[in-house]
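Following: one structure in structure tokens, then a few remarks.
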Amino acid sequence: MKRRVTKAIFPVAGLGTRFLPATKSIPKEIMTLVDRPLIQYAIDEARAAGIKEFIFVTSRGKSALEDYFDAAPELESSLRKKGKKDLLEALKATTMESGAIAYIRQQKPLGLGHAVWCARRLLANEPFAVILPDDVIAAETPCLQQMVEAHAEIGGNMVAAMEVPADKTHAYGVLDIKEDMGSVVSVKGMVEKPASGTAPSNLAVIGRYILTPEIMNNLNRIKTGVGGEVQLTDAIAQEIATSDNVYGFRFRGQRFDCGSKSGFLQATVAFGLAREDLRDEFKDFLVDLVASRNAAQ
């Protein structure tokens, strides 16, 4: 019997150096996309997928993450007295039940695999999800929910994947496909950031995973790899070799790399235009802006 995925790991220990100086004092995950921080999008996606327990792998200087998900009785009282019911409703999604979130420190920046490994004692013999908040995905059905539904059918290890241009494959982990079954592909290999012209496909791994307990055992044995870090892809590759149970999942939706400034700006525009309360005014502004820039040139 396949076990339901109810726990998710959120690796949020990074320093966010690409967004300095903003991230000197605030965690990157708290940076706001329209009117919600990046981490809220990740939490909402996890909740939609049926996740009940949330494990944050953090580092020093990340206390604002903990505060964000705490209750704010003074603020709530003030909004209630002023009759601002819509804002009170918006706050509900930001408050987590006591015990729903666990925080673990990653004391050294040793990579994604090491961050996942840090959460090992909070997992039993069960599958678990990993969500990278930098990857924000706009989708009618949230990406992880799509994956959980597919995983319930086939089990094993599953990674979210999307097709990228051939000249961009060097920036991703790329799947070597054994069998293409449409939305799901079976995987015979993974290549981390292949040299130009050597990628086995154009199907790239992005920041959503559903993993078996064996992955933790593999991480126990793995030594540092590329960049002196413990690579999660190495642990997944061991499962390909020993169990042949790794799948790529072509999710339905649009992914934004909010770990980059360009991707963050693109997401801001896309999510702003998707909001009914902002769309018309924002669209008019963008049209006028483009017209004035073209005229100036």
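For the structure tokens, the naming scheme is as follows: chains receive sequential letters (A, B, ...) according to their order of presentation, residues are indexed from 1 within each chain, and ligands are indexed from 1 in presentation order.
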(message) I'd like the contact shell of Leu144 of chain A - 7 Å cut-off, only C-alpha atoms, skipping same-chain residues fewer than 6 positions apart - returned as a PyMOL selection string.
(response) chain A and resi 45-46+49+208
(request) Can you pull out every residue within 7 Å of Leu132 of chain A, counting only C-alpha atoms, but drop anything in the same chain fewer than 3 positions away, and send it as a VMD selection string? (result) chain A and resid 10 to 11 135 207 to 208
(message) Just checking: using only C-alpha atoms, which residue out of A:Thr268, A:Ala129, A:His114, A:Tyr41 ends up closest to Ile222 of chain A?
(response)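 Of A:Thr268, A:Ala129, A:His114, A:Tyr41, the one nearest Ile222 of chain A, counting only C-alpha atoms, is A:His114.
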(request) Tell me which protein, DNA and RNA residues are within 12 Å of Gln266 of chain A, counting only C-alpha atoms, leaving out same-chain ones fewer than 6 positions away, and put them as JSON, numbers by chain. (result) {"A": [33, 34, 136, 137, 138, 254, 255, 256, 257, 258, 259, 260, 272, 273]}
Requested write-out: N, CA and C atoms of the selected residues, as a PDB file, in the first residue's frame:
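Contents of the output file part-v5.pdb:
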ATOM      1  N   LEU A  33       6.054  39.025  -3.350  1.00  0.00           N
ATOM      2  CA  LEU A  33       5.588  38.907  -4.721  1.00  0.00           C
ATOM      3  C   LEU A  33       4.137  39.391  -4.731  1.00  0.00           C
ATOM      4  N   VAL A  34       3.909  40.579  -5.238  1.00  0.00           N
ATOM      5  CA  VAL A  34       2.645  41.321  -5.150  1.00  0.00           C
ATOM      6  C   VAL A  34       2.378  41.653  -3.675  1.00  0.00           C
ATOM      7  N   VAL A 136       8.539  29.501  -8.058  1.00  0.00           N
ATOM      8  CA  VAL A 136       7.122  29.809  -7.895  1.00  0.00           C
ATOM      9  C   VAL A 136       6.407  29.379  -9.168  1.00  0.00           C
ATOM     10  N   ILE A 137       5.338  28.604  -9.003  1.00  0.00           N
ATOM     11  CA  ILE A 137       4.664  28.023 -10.160  1.00  0.00           C
ATOM     12  C   ILE A 137       3.207  28.477 -10.196  1.00  0.00           C
ATOM     13  N   ALA A 138       2.837  29.140 -11.285  1.00  0.00           N
ATOM     14  CA  ALA A 138       1.449  29.534 -11.501  1.00  0.00           C
ATOM     15  C   ALA A 138       0.749  28.387 -12.215  1.00  0.00           C
ATOM     16  N   GLN A 254       3.211  27.392 -15.213  1.00  0.00           N
ATOM     17  CA  GLN A 254       4.352  28.219 -15.602  1.00  0.00           C
ATOM     18  C   GLN A 254       5.239  28.463 -14.392  1.00  0.00           C
ATOM     19  N   ARG A 255       6.506  28.136 -14.539  1.00  0.00           N
ATOM     20  CA  ARG A 255       7.465  28.281 -13.450  1.00  0.00           C
ATOM     21  C   ARG A 255       8.248  29.580 -13.589  1.00  0.00           C
ATOM     22  N   PHE A 256       8.432  30.247 -12.455  1.00  0.00           N
ATOM     23  CA  PHE A 256       9.231  31.460 -12.403  1.00  0.00           C
ATOM     24  C   PHE A 256      10.400  31.234 -11.447  1.00  0.00           C
ATOM     25  N   ASP A 257      11.599  31.547 -11.906  1.00  0.00           N
ATOM     26  CA  ASP A 257      12.785  31.422 -11.068  1.00  0.00           C
ATOM     27  C   ASP A 257      12.937  32.698 -10.249  1.00  0.00           C
ATOM     28  N   CYS A 258      12.338  32.703  -9.072  1.00  0.00           N
ATOM     29  CA  CYS A 258      12.376  33.892  -8.219  1.00  0.00           C
ATOM     30  C   CYS A 258      13.659  33.959  -7.399  1.00  0.00           C
ATOM     31  N   GLY A 259      14.595  33.070  -7.683  1.00  0.00           N
ATOM     32  CA  GLY A 259      15.922  33.175  -7.105  1.00  0.00           C
ATOM     33  C   GLY A 259      16.794  34.127  -7.905  1.00  0.00           C
ATOM     34  N   SER A 260      16.294  34.556  -9.064  1.00  0.00           N
ATOM     35  CA  SER A 260      17.008  35.533  -9.889  1.00  0.00           C
ATOM     36  C   SER A 260      16.193  36.820  -9.949  1.00  0.00           C
ATOM     37  N   GLY A 272       0.761  40.019 -10.939  1.00  0.00           N
ATOM     38  CA  GLY A 272       0.016  41.267 -10.857  1.00  0.00           C
ATOM     39  C   GLY A 272      -1.097  41.319 -11.891  1.00  0.00           C
ATOM     40  N   LEU A 273      -0.796  40.895 -13.121  1.00  0.00           N
ATOM     41  CA  LEU A 273      -1.804  40.899 -14.177  1.00  0.00           C
ATOM     42  C   LEU A 273      -2.889  39.846 -13.949  1.00  0.00           C
TER      43      LEU A 273
END
(request) Go through A:Lys81, A:Lys52, A:Lys283, A:His170 and flag the residue nearest Thr198 of chain A, using only C-alpha atoms for the distances. (result)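 The closest residue to Thr198 of chain A is A:His170.
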(request) Considering only C-alpha atoms, state which residue in the set A:Glu149, A:Cys118, A:Leu112, A:Met216 is at the smallest distance from Thr233 of chain A. (result)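 Using only C-alpha atoms, the shortest distance to Thr233 of chain A belongs to A:Leu112.
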(message) DSSP on the backbone: which residues in segment 108-204 of chain A end up as strand (DSSP E or B)? Give the answer as a PyMOL selection string.
(response) chain A and resi 128-131+135-138+157-163+173-180+184-192+203-204
I need the chosen residues saved as a tab-separated table (two decimals), in the first residue's frame, with N, CA and C atoms.
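selection10.tsv, freshly written:
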chain	number	residue	atom	x	y	z
A	128	PHE	N	8.24	11.74	1.36
A	128	PHE	CA	8.15	13.13	1.78
A	128	PHE	C	8.38	14.02	0.57
A	129	ALA	N	7.91	15.26	0.67
A	129	ALA	CA	8.09	16.22	-0.41
A	129	ALA	C	9.20	17.19	-0.05
A	130	VAL	N	9.81	17.76	-1.08
A	130	VAL	CA	10.77	18.85	-0.93
A	130	VAL	C	10.32	19.98	-1.85
A	131	ILE	N	10.19	21.18	-1.29
A	131	ILE	CA	9.76	22.34	-2.06
A	131	ILE	C	10.80	23.43	-1.96
A	135	ASP	N	11.34	28.58	-6.64
A	135	ASP	CA	10.57	28.21	-7.82
A	135	ASP	C	9.09	28.44	-7.52
A	136	VAL	N	8.54	29.50	-8.06
A	136	VAL	CA	7.12	29.81	-7.90
A	136	VAL	C	6.41	29.38	-9.17
A	137	ILE	N	5.34	28.60	-9.00
A	137	ILE	CA	4.66	28.02	-10.16
A	137	ILE	C	3.21	28.48	-10.20
A	138	ALA	N	2.84	29.14	-11.29
A	138	ALA	CA	1.45	29.53	-11.50
A	138	ALA	C	0.75	28.39	-12.22
A	157	ASN	N	10.23	7.60	-6.55
A	157	ASN	CA	10.72	8.96	-6.42
A	157	ASN	C	10.26	9.76	-7.64
A	158	MET	N	9.84	11.00	-7.40
A	158	MET	CA	9.31	11.80	-8.49
A	158	MET	C	9.90	13.21	-8.42
A	159	VAL	N	10.32	13.72	-9.57
A	159	VAL	CA	10.85	15.08	-9.65
A	159	VAL	C	10.02	15.86	-10.66
A	160	ALA	N	9.72	17.12	-10.34
A	160	ALA	CA	9.02	17.97	-11.30
A	160	ALA	C	9.98	18.32	-12.43
A	161	ALA	N	9.47	18.35	-13.65
A	161	ALA	CA	10.35	18.60	-14.80
A	161	ALA	C	9.63	19.47	-15.82
A	162	MET	N	10.42	20.25	-16.53
A	162	MET	CA	9.87	21.07	-17.61
A	162	MET	C	10.86	21.10	-18.76
A	163	GLU	N	10.34	21.31	-19.94
A	163	GLU	CA	11.19	21.39	-21.11
A	163	GLU	C	11.80	22.78	-21.22
A	173	GLY	N	19.65	20.51	-13.68
A	173	GLY	CA	19.79	19.06	-13.69
A	173	GLY	C	18.88	18.54	-14.79
A	174	VAL	N	19.39	17.65	-15.64
A	174	VAL	CA	18.64	17.22	-16.82
A	174	VAL	C	18.40	15.71	-16.77
A	175	LEU	N	17.21	15.29	-17.16
A	175	LEU	CA	16.84	13.89	-17.11
A	175	LEU	C	17.28	13.14	-18.36
A	176	ASP	N	17.79	11.94	-18.15
A	176	ASP	CA	18.04	10.99	-19.23
A	176	ASP	C	16.84	10.04	-19.22
A	177	ILE	N	16.02	10.10	-20.26
A	177	ILE	CA	14.72	9.44	-20.26
A	177	ILE	C	14.82	7.99	-20.72
A	178	LYS	N	14.22	7.11	-19.94
A	178	LYS	CA	14.14	5.70	-20.29
A	178	LYS	C	12.89	5.43	-21.12
A	179	GLU	N	11.74	5.93	-20.64
A	179	GLU	CA	10.47	5.74	-21.34
A	179	GLU	C	9.61	6.97	-21.13
A	180	ASP	N	9.08	7.51	-22.21
A	180	ASP	CA	8.22	8.69	-22.14
A	180	ASP	C	6.76	8.24	-22.19
A	184	VAL	N	4.26	11.61	-17.37
A	184	VAL	CA	5.27	10.93	-16.55
A	184	VAL	C	6.31	10.28	-17.45
A	185	VAL	N	7.58	10.41	-17.08
A	185	VAL	CA	8.65	9.71	-17.79
A	185	VAL	C	9.44	8.89	-16.77
A	186	SER	N	9.84	7.69	-17.15
A	186	SER	CA	10.75	6.92	-16.30
A	186	SER	C	12.17	7.37	-16.64
A	187	VAL	N	13.01	7.38	-15.63
A	187	VAL	CA	14.33	8.00	-15.75
A	187	VAL	C	15.43	6.96	-15.60
A	188	LYS	N	16.42	7.00	-16.52
A	188	LYS	CA	17.56	6.10	-16.41
A	188	LYS	C	18.84	6.83	-16.00
A	189	GLY	N	18.75	8.15	-15.84
A	189	GLY	CA	19.92	8.90	-15.42
A	189	GLY	C	19.58	10.37	-15.22
A	190	MET	N	20.44	11.06	-14.44
A	190	MET	CA	20.31	12.50	-14.25
A	190	MET	C	21.70	13.12	-14.39
A	191	VAL	N	21.79	14.21	-15.11
A	191	VAL	CA	23.06	14.89	-15.31
A	191	VAL	C	22.93	16.30	-14.75
A	192	GLU	N	23.79	16.64	-13.79
A	192	GLU	CA	23.74	17.95	-13.16
A	192	GLU	C	24.52	18.96	-13.99
A	203	LEU	N	14.67	18.00	-20.83
A	203	LEU	CA	13.73	17.93	-19.71
A	203	LEU	C	14.50	18.20	-18.42
A	204	ALA	N	14.26	19.38	-17.86
A	204	ALA	CA	15.04	19.84	-16.71
A	204	ALA	C	14.27	19.70	-15.41
(request) Calculate how many Å separate atom CA of Ile210 of chain A from atom CA of Gln145 of chain A, rounding to one decimal. (result) 10.9 Å
(message) What's around Pro127 of chain A at 6 Å? Count only C-alpha atoms, leave out sequence neighbours fewer than 5 positions away in its own chain, and write the answer as a list in words.
(response)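 Counting only the stated atoms, we get Val5, Leu211, Thr212 and Pro213 of chain A.
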Could you write out that same residue set with N, CA and C atoms as a compact mmCIF listing (two decimals), in the first residue's frame?
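out35.txt written:
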# COMPACT_ATOMS: atom_id res chain seq x y z
N VAL A 5 1.63 11.29 0.99
CA VAL A 5 2.67 12.26 1.33
C VAL A 5 2.05 13.35 2.21
N LEU A 211 10.04 12.11 -2.52
CA LEU A 211 11.16 11.18 -2.36
C LEU A 211 10.83 10.07 -1.38
N THR A 212 11.46 8.93 -1.60
CA THR A 212 11.28 7.77 -0.71
C THR A 212 12.23 7.86 0.47
N PRO A 213 11.96 7.11 1.54
CA PRO A 213 12.86 7.12 2.71
C PRO A 213 14.28 6.69 2.37
(message) Given only C-alpha atoms as the basis, pick out the residue of A:Pro73, A:Pro200, A:Gly99, A:Gly156 nearest to Phe54 of chain A.
(response)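 Of A:Pro73, A:Pro200, A:Gly99, A:Gly156, the one nearest Phe54 of chain A, counting only C-alpha atoms, is A:Gly99.
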